[in-house]
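See below for start_14.csv, which holds CSV, C-alpha atoms.
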```
chain,number,residue,atom,x,y,z
A,1,MET,CA,12.5,0.2,14.6
A,2,ALA,CA,10.0,-2.5,13.8
A,3,SER,CA,11.2,-6.0,13.2
A,4,ASP,CA,8.6,-7.0,10.6
A,5,LEU,CA,6.0,-5.8,8.3
A,6,SER,CA,3.1,-7.6,6.6
A,7,LEU,CA,0.4,-6.5,4.2
A,8,SER,CA,-2.5,-8.5,2.9
A,9,TRP,CA,-5.2,-7.8,0.3
A,10,ARG,CA,-8.4,-9.9,0.4
A,11,LEU,CA,-11.3,-9.4,-2.0
A,12,SER,CA,-14.5,-9.2,0.0
A,13,GLY,CA,-17.1,-8.7,-2.7
A,14,ARG,CA,-17.6,-7.2,-6.1
A,15,GLY,CA,-15.5,-4.0,-6.0
A,16,TRP,CA,-14.4,-4.3,-2.4
A,17,ALA,CA,-11.2,-5.4,-0.6
A,18,ASN,CA,-10.0,-5.6,2.9
A,19,CYS,CA,-6.4,-4.7,3.5
A,20,THR,CA,-4.5,-5.5,6.7
A,21,ILE,CA,-1.2,-4.0,7.6
A,22,ALA,CA,0.8,-5.0,10.6
A,23,ASP,CA,4.2,-4.8,12.3
A,24,HIS,CA,5.3,-6.3,15.6
A,25,GLU,CA,3.3,-3.7,17.6
A,26,ARG,CA,0.1,-2.9,15.8
A,27,GLU,CA,-2.3,-4.0,13.1
A,28,ALA,CA,-4.9,-2.1,11.1
A,29,ASP,CA,-7.7,-3.3,8.9
A,30,LEU,CA,-8.6,-1.0,6.0
A,31,THR,CA,-11.3,-1.2,3.4
A,32,ALA,CA,-10.9,-0.2,-0.3
A,33,SER,CA,-13.5,0.3,-3.0
A,34,SER,CA,-12.8,-0.1,-6.7
A,35,ILE,CA,-14.1,3.5,-7.3
A,36,SER,CA,-10.5,4.4,-7.1
A,37,GLU,CA,-7.4,2.6,-8.3
A,38,ALA,CA,-6.3,1.7,-4.8
A,39,PRO,CA,-3.9,-1.2,-5.6
A,40,GLU,CA,-2.3,0.7,-8.5
A,41,ASP,CA,-2.0,3.8,-6.5
A,42,LEU,CA,-0.4,2.0,-3.6
A,43,LEU,CA,2.1,0.2,-5.8
A,44,ASN,CA,3.0,3.5,-7.5
A,45,ALA,CA,3.3,5.3,-4.2
A,46,VAL,CA,5.8,2.7,-3.0
A,47,SER,CA,7.7,3.0,-6.2
A,48,ARG,CA,8.0,6.8,-5.6
A,49,VAL,CA,9.3,6.1,-2.1
A,50,LEU,CA,11.8,3.7,-3.4
A,51,THR,CA,13.1,6.2,-5.9
A,52,GLY,CA,13.8,8.7,-3.1
A,53,GLN,CA,10.8,10.9,-2.8
A,54,THR,CA,10.6,12.2,0.7
A,55,GLU,CA,6.8,12.5,1.0
A,56,VAL,CA,4.3,10.5,-0.9
A,57,ARG,CA,0.5,10.1,-0.4
A,58,THR,CA,-2.1,7.7,-1.6
A,59,GLN,CA,-5.6,6.9,-0.6
A,60,PHE,CA,-8.1,4.1,-0.4
A,61,GLU,CA,-11.7,5.2,-0.9
A,62,ALA,CA,-14.2,3.3,1.2
A,63,GLU,CA,-17.3,5.3,0.3
A,64,PRO,CA,-17.5,7.8,2.1
A,65,THR,CA,-14.6,6.9,4.5
A,66,ALA,CA,-11.1,7.1,3.1
A,67,TYR,CA,-7.8,5.7,4.3
A,68,ARG,CA,-4.9,8.0,3.5
A,69,TRP,CA,-1.4,6.6,3.4
A,70,VAL,CA,1.4,9.0,4.0
A,71,PHE,CA,5.0,8.0,3.5
A,72,TYR,CA,7.8,10.1,4.9
A,73,ARG,CA,11.2,8.9,3.7
A,74,GLN,CA,14.3,9.6,5.6
A,75,ASP,CA,17.5,8.1,4.3
A,76,THR,CA,16.9,4.3,4.1
A,77,THR,CA,13.8,4.3,6.3
A,78,VAL,CA,10.2,5.4,5.9
A,79,TRP,CA,7.5,6.4,8.4
A,80,ILE,CA,4.3,5.0,7.2
A,81,ARG,CA,1.2,6.7,8.6
A,82,ILE,CA,-2.4,5.8,7.8
A,83,VAL,CA,-5.2,8.2,8.7
A,84,GLU,CA,-8.9,7.3,8.6
A,85,LEU,CA,-11.0,10.2,7.3
A,86,SER,CA,-14.8,10.5,7.3
A,87,HIS,CA,-14.5,11.8,3.8
A,88,GLY,CA,-11.6,11.6,1.4
A,89,GLU,CA,-11.4,15.4,0.7
A,90,LEU,CA,-10.6,16.2,4.3
A,91,HIS,CA,-7.1,17.2,5.5
A,92,ASN,CA,-5.1,14.7,7.5
A,93,SER,CA,-5.6,16.6,10.7
A,94,ALA,CA,-9.4,15.9,10.4
A,95,GLY,CA,-8.8,12.2,10.6
A,96,THR,CA,-7.7,9.6,13.1
A,97,GLU,CA,-4.4,7.8,12.8
A,98,VAL,CA,-5.1,4.1,12.7
A,99,TRP,CA,-1.6,2.8,12.1
A,100,SER,CA,2.0,4.1,11.8
A,101,SER,CA,5.4,2.5,11.8
A,102,TRP,CA,9.0,3.3,10.9
A,103,GLN,CA,10.3,0.7,8.5
A,104,PRO,CA,13.3,0.2,6.2
A,105,VAL,CA,12.3,1.1,2.7
A,106,ASP,CA,13.5,-2.3,1.5
A,107,ARG,CA,11.1,-4.0,4.0
A,108,LEU,CA,8.2,-1.9,2.8
A,109,VAL,CA,8.9,-2.7,-0.8
A,110,ARG,CA,9.3,-6.4,-0.1
A,111,ALA,CA,6.0,-6.5,1.9
A,112,VAL,CA,4.0,-4.8,-0.9
A,113,ILE,CA,5.5,-7.1,-3.6
A,114,ARG,CA,4.8,-10.2,-1.5
A,115,CYS,CA,1.2,-9.0,-0.9
A,116,PHE,CA,0.3,-8.6,-4.5
A,117,ASP,CA,2.2,-11.8,-5.5
A,118,GLN,CA,0.0,-13.6,-3.0
A,119,VAL,CA,-3.1,-12.0,-4.4
A,120,ALA,CA,-2.2,-13.2,-7.9
A,121,ASP,CA,-1.5,-16.7,-6.5
A,122,THR,CA,-4.8,-16.8,-4.5
A,123,TYR,CA,-7.2,-15.4,-7.1
A,124,GLY,CA,-5.5,-15.6,-10.5
A,125,GLU,CA,-5.7,-12.6,-12.6
A,126,SER,CA,-9.0,-13.5,-14.3
A,127,ALA,CA,-10.9,-14.2,-11.0
A,128,TYR,CA,-9.4,-11.1,-9.5
A,129,ARG,CA,-10.9,-9.0,-12.3
A,130,GLY,CA,-14.2,-10.7,-11.8
A,131,LYS,CA,-14.3,-9.9,-8.1
A,132,TRP,CA,-12.6,-6.5,-8.1
A,133,GLY,CA,-14.1,-5.3,-11.3
A,134,GLU,CA,-10.7,-4.1,-12.7
A,135,HIS,CA,-7.6,-5.7,-14.0
A,136,PHE,CA,-5.0,-7.0,-11.7
A,137,PRO,CA,-2.3,-4.3,-11.3
A,138,ARG,CA,0.4,-6.4,-13.1
A,139,THR,CA,2.0,-3.4,-14.8
A,140,GLU,CA,2.5,-1.5,-11.5
A,141,LEU,CA,3.6,-4.6,-9.6
A,142,GLU,CA,6.2,-5.5,-12.2
A,143,ALA,CA,7.4,-1.9,-12.4
A,144,LEU,CA,8.0,-1.9,-8.7
A,145,ARG,CA,9.7,-5.3,-8.8
A,146,ARG,CA,12.1,-4.1,-11.6
A,147,LEU,CA,12.8,-0.9,-9.8
A,148,TRP,CA,13.6,-2.7,-6.6
A,149,ARG,CA,15.9,-5.2,-8.4
A,150,ARG,CA,17.8,-2.3,-10.1
A,151,ARG,CA,18.1,-0.4,-6.8
A,152,GLY,CA,19.3,-3.5,-5.1
A,153,ALA,CA,21.9,-4.1,-7.8
A,154,ALA,CA,23.0,-0.5,-7.5
A,155,GLY,CA,23.5,-0.6,-3.7
A,156,GLY,CA,20.1,-0.8,-2.2
A,157,ALA,CA,17.2,1.4,-1.2
```
Starting from the file, lay out its structure as structure tokens.
Amino acid sequence: MASDLSLSWRLSGRGWANCTIADHEREADLTASSISEAPEDLLNAVSRVLTGQTEVRTQFEAEPTAYRWVFYRQDTTVWIRIVELSHGELHNSAGTEVWSSWQPVDRLVRAVIRCFDQVADTYGESAYRGKWGEHFPRTELEALRRLWRRRGAAGGA
């Protein structure tokens, strides 16, 4: 079981972001384009994991490359697997795993919330929109945060 998890989201140009995910063993750098709703989709996927869905997928489009995130939940832990695909329509088996880790669900949720809180602090929501081209995912972030708080109050993830 990994002892830590970090996620960062850095805007790298109009409509482009670099995302880094790391645990104590490995790190992966991913690219996302604003042609898809990558931040919203990631936040929504993590919300679905938190509510108990056992398999959840989301994808970052990097034109034409894609990074597919697959979450397999088992009790209070989740196996996070990220596969790089030469094209987003391909099956997972056609890609290359670039990162995977078993994490407590609570740790995943905390890392994602911290990541997007840091994005808001770093850029501000107006500058974020100017660089990314879309609104900051405030609705999805706050929905995840509320869900996490309710789950914590009810006995945890």
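Comparing the minimum interatomic distances between Tyr123 of chain A and each of A:Ser12, A:Ser6, A:Thr20, A:Thr51, counting all atoms listed in the file, we find that A:Ser12 sits nearest.
Between atom CA of Glu63 of chain A and atom CA of Asn18 of chain A the separation is 13.4 Å.
Distance-wise, atom CA of Arg10 of chain A and atom CA of Ser101 of chain A end up 21.8 Å apart.
Of the residues under consideration (A:Val56, A:Leu144, A:Val49, A:Ala62), A:Leu144 shows the shortest atom-to-atom contact distance to Asp117 of chain A when counting only C-alpha atoms.
Across the structure, atom CA of Phe71 of chain A and atom CA of Arg129 of chain A are spaced 28.1 Å apart.
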Worksheet item: Hey, what's within 8 Å of Val105 of chain A if we count all atoms listed in the file and toss same-chain stuff fewer than 5 positions away? As number ranges by chain, please?
Response: A: 49-50, 73, 76-78, 157
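The nearest approach to Glu40 of chain A among the residues A:Arg145, A:Arg107, A:His135, A:His24, with all atoms listed in the file taken into account, belongs to A:His135.
Of the residues listed (A:Ile113, A:Leu85, A:Ile80, A:Ala22), A:Ile80 shows the shortest atom-to-atom separation from Glu55 of chain A; distances use all atoms listed in the file.
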Give the padded box for segment 139-150 of chain A as JSON: axis-aligned, covering all atoms listed in the file, 5 Å on each side, centre and edge lengths in Å to one decimal.
```
{"center_x": 9.9, "center_y": -3.2, "center_z": -10.7, "size_x": 25.8, "size_y": 14.6, "size_z": 18.2}
```
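For Tyr67 of chain A, the residues within 10 Å (counting all atoms listed in the file, excluding itself and residues fewer than 6 positions away along the chain) are Leu30, Thr31, Ala32, Thr58, Gln59, Phe60, Glu61, Ile82, Val83, Glu84, Leu85, Ser86, His87, Gly88, Asn92, Gly95, Thr96, Glu97 and Val98 of chain A.
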Selection file, C-alpha atoms, as a PDB file, in the coordinates of the input:
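Contents of the output file selection.pdb:
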```pdb
ATOM      1  CA  LEU A  30      -8.600  -1.000   6.000  1.00  0.00           C
ATOM      2  CA  THR A  31     -11.300  -1.200   3.400  1.00  0.00           C
ATOM      3  CA  ALA A  32     -10.900  -0.200  -0.300  1.00  0.00           C
ATOM      4  CA  THR A  58      -2.100   7.700  -1.600  1.00  0.00           C
ATOM      5  CA  GLN A  59      -5.600   6.900  -0.600  1.00  0.00           C
ATOM      6  CA  PHE A  60      -8.100   4.100  -0.400  1.00  0.00           C
ATOM      7  CA  GLU A  61     -11.700   5.200  -0.900  1.00  0.00           C
ATOM      8  CA  ILE A  82      -2.400   5.800   7.800  1.00  0.00           C
ATOM      9  CA  VAL A  83      -5.200   8.200   8.700  1.00  0.00           C
ATOM     10  CA  GLU A  84      -8.900   7.300   8.600  1.00  0.00           C
ATOM     11  CA  LEU A  85     -11.000  10.200   7.300  1.00  0.00           C
ATOM     12  CA  SER A  86     -14.800  10.500   7.300  1.00  0.00           C
ATOM     13  CA  HIS A  87     -14.500  11.800   3.800  1.00  0.00           C
ATOM     14  CA  GLY A  88     -11.600  11.600   1.400  1.00  0.00           C
ATOM     15  CA  ASN A  92      -5.100  14.700   7.500  1.00  0.00           C
ATOM     16  CA  GLY A  95      -8.800  12.200  10.600  1.00  0.00           C
ATOM     17  CA  THR A  96      -7.700   9.600  13.100  1.00  0.00           C
ATOM     18  CA  GLU A  97      -4.400   7.800  12.800  1.00  0.00           C
ATOM     19  CA  VAL A  98      -5.100   4.100  12.700  1.00  0.00           C
TER      20      VAL A  98
END
```
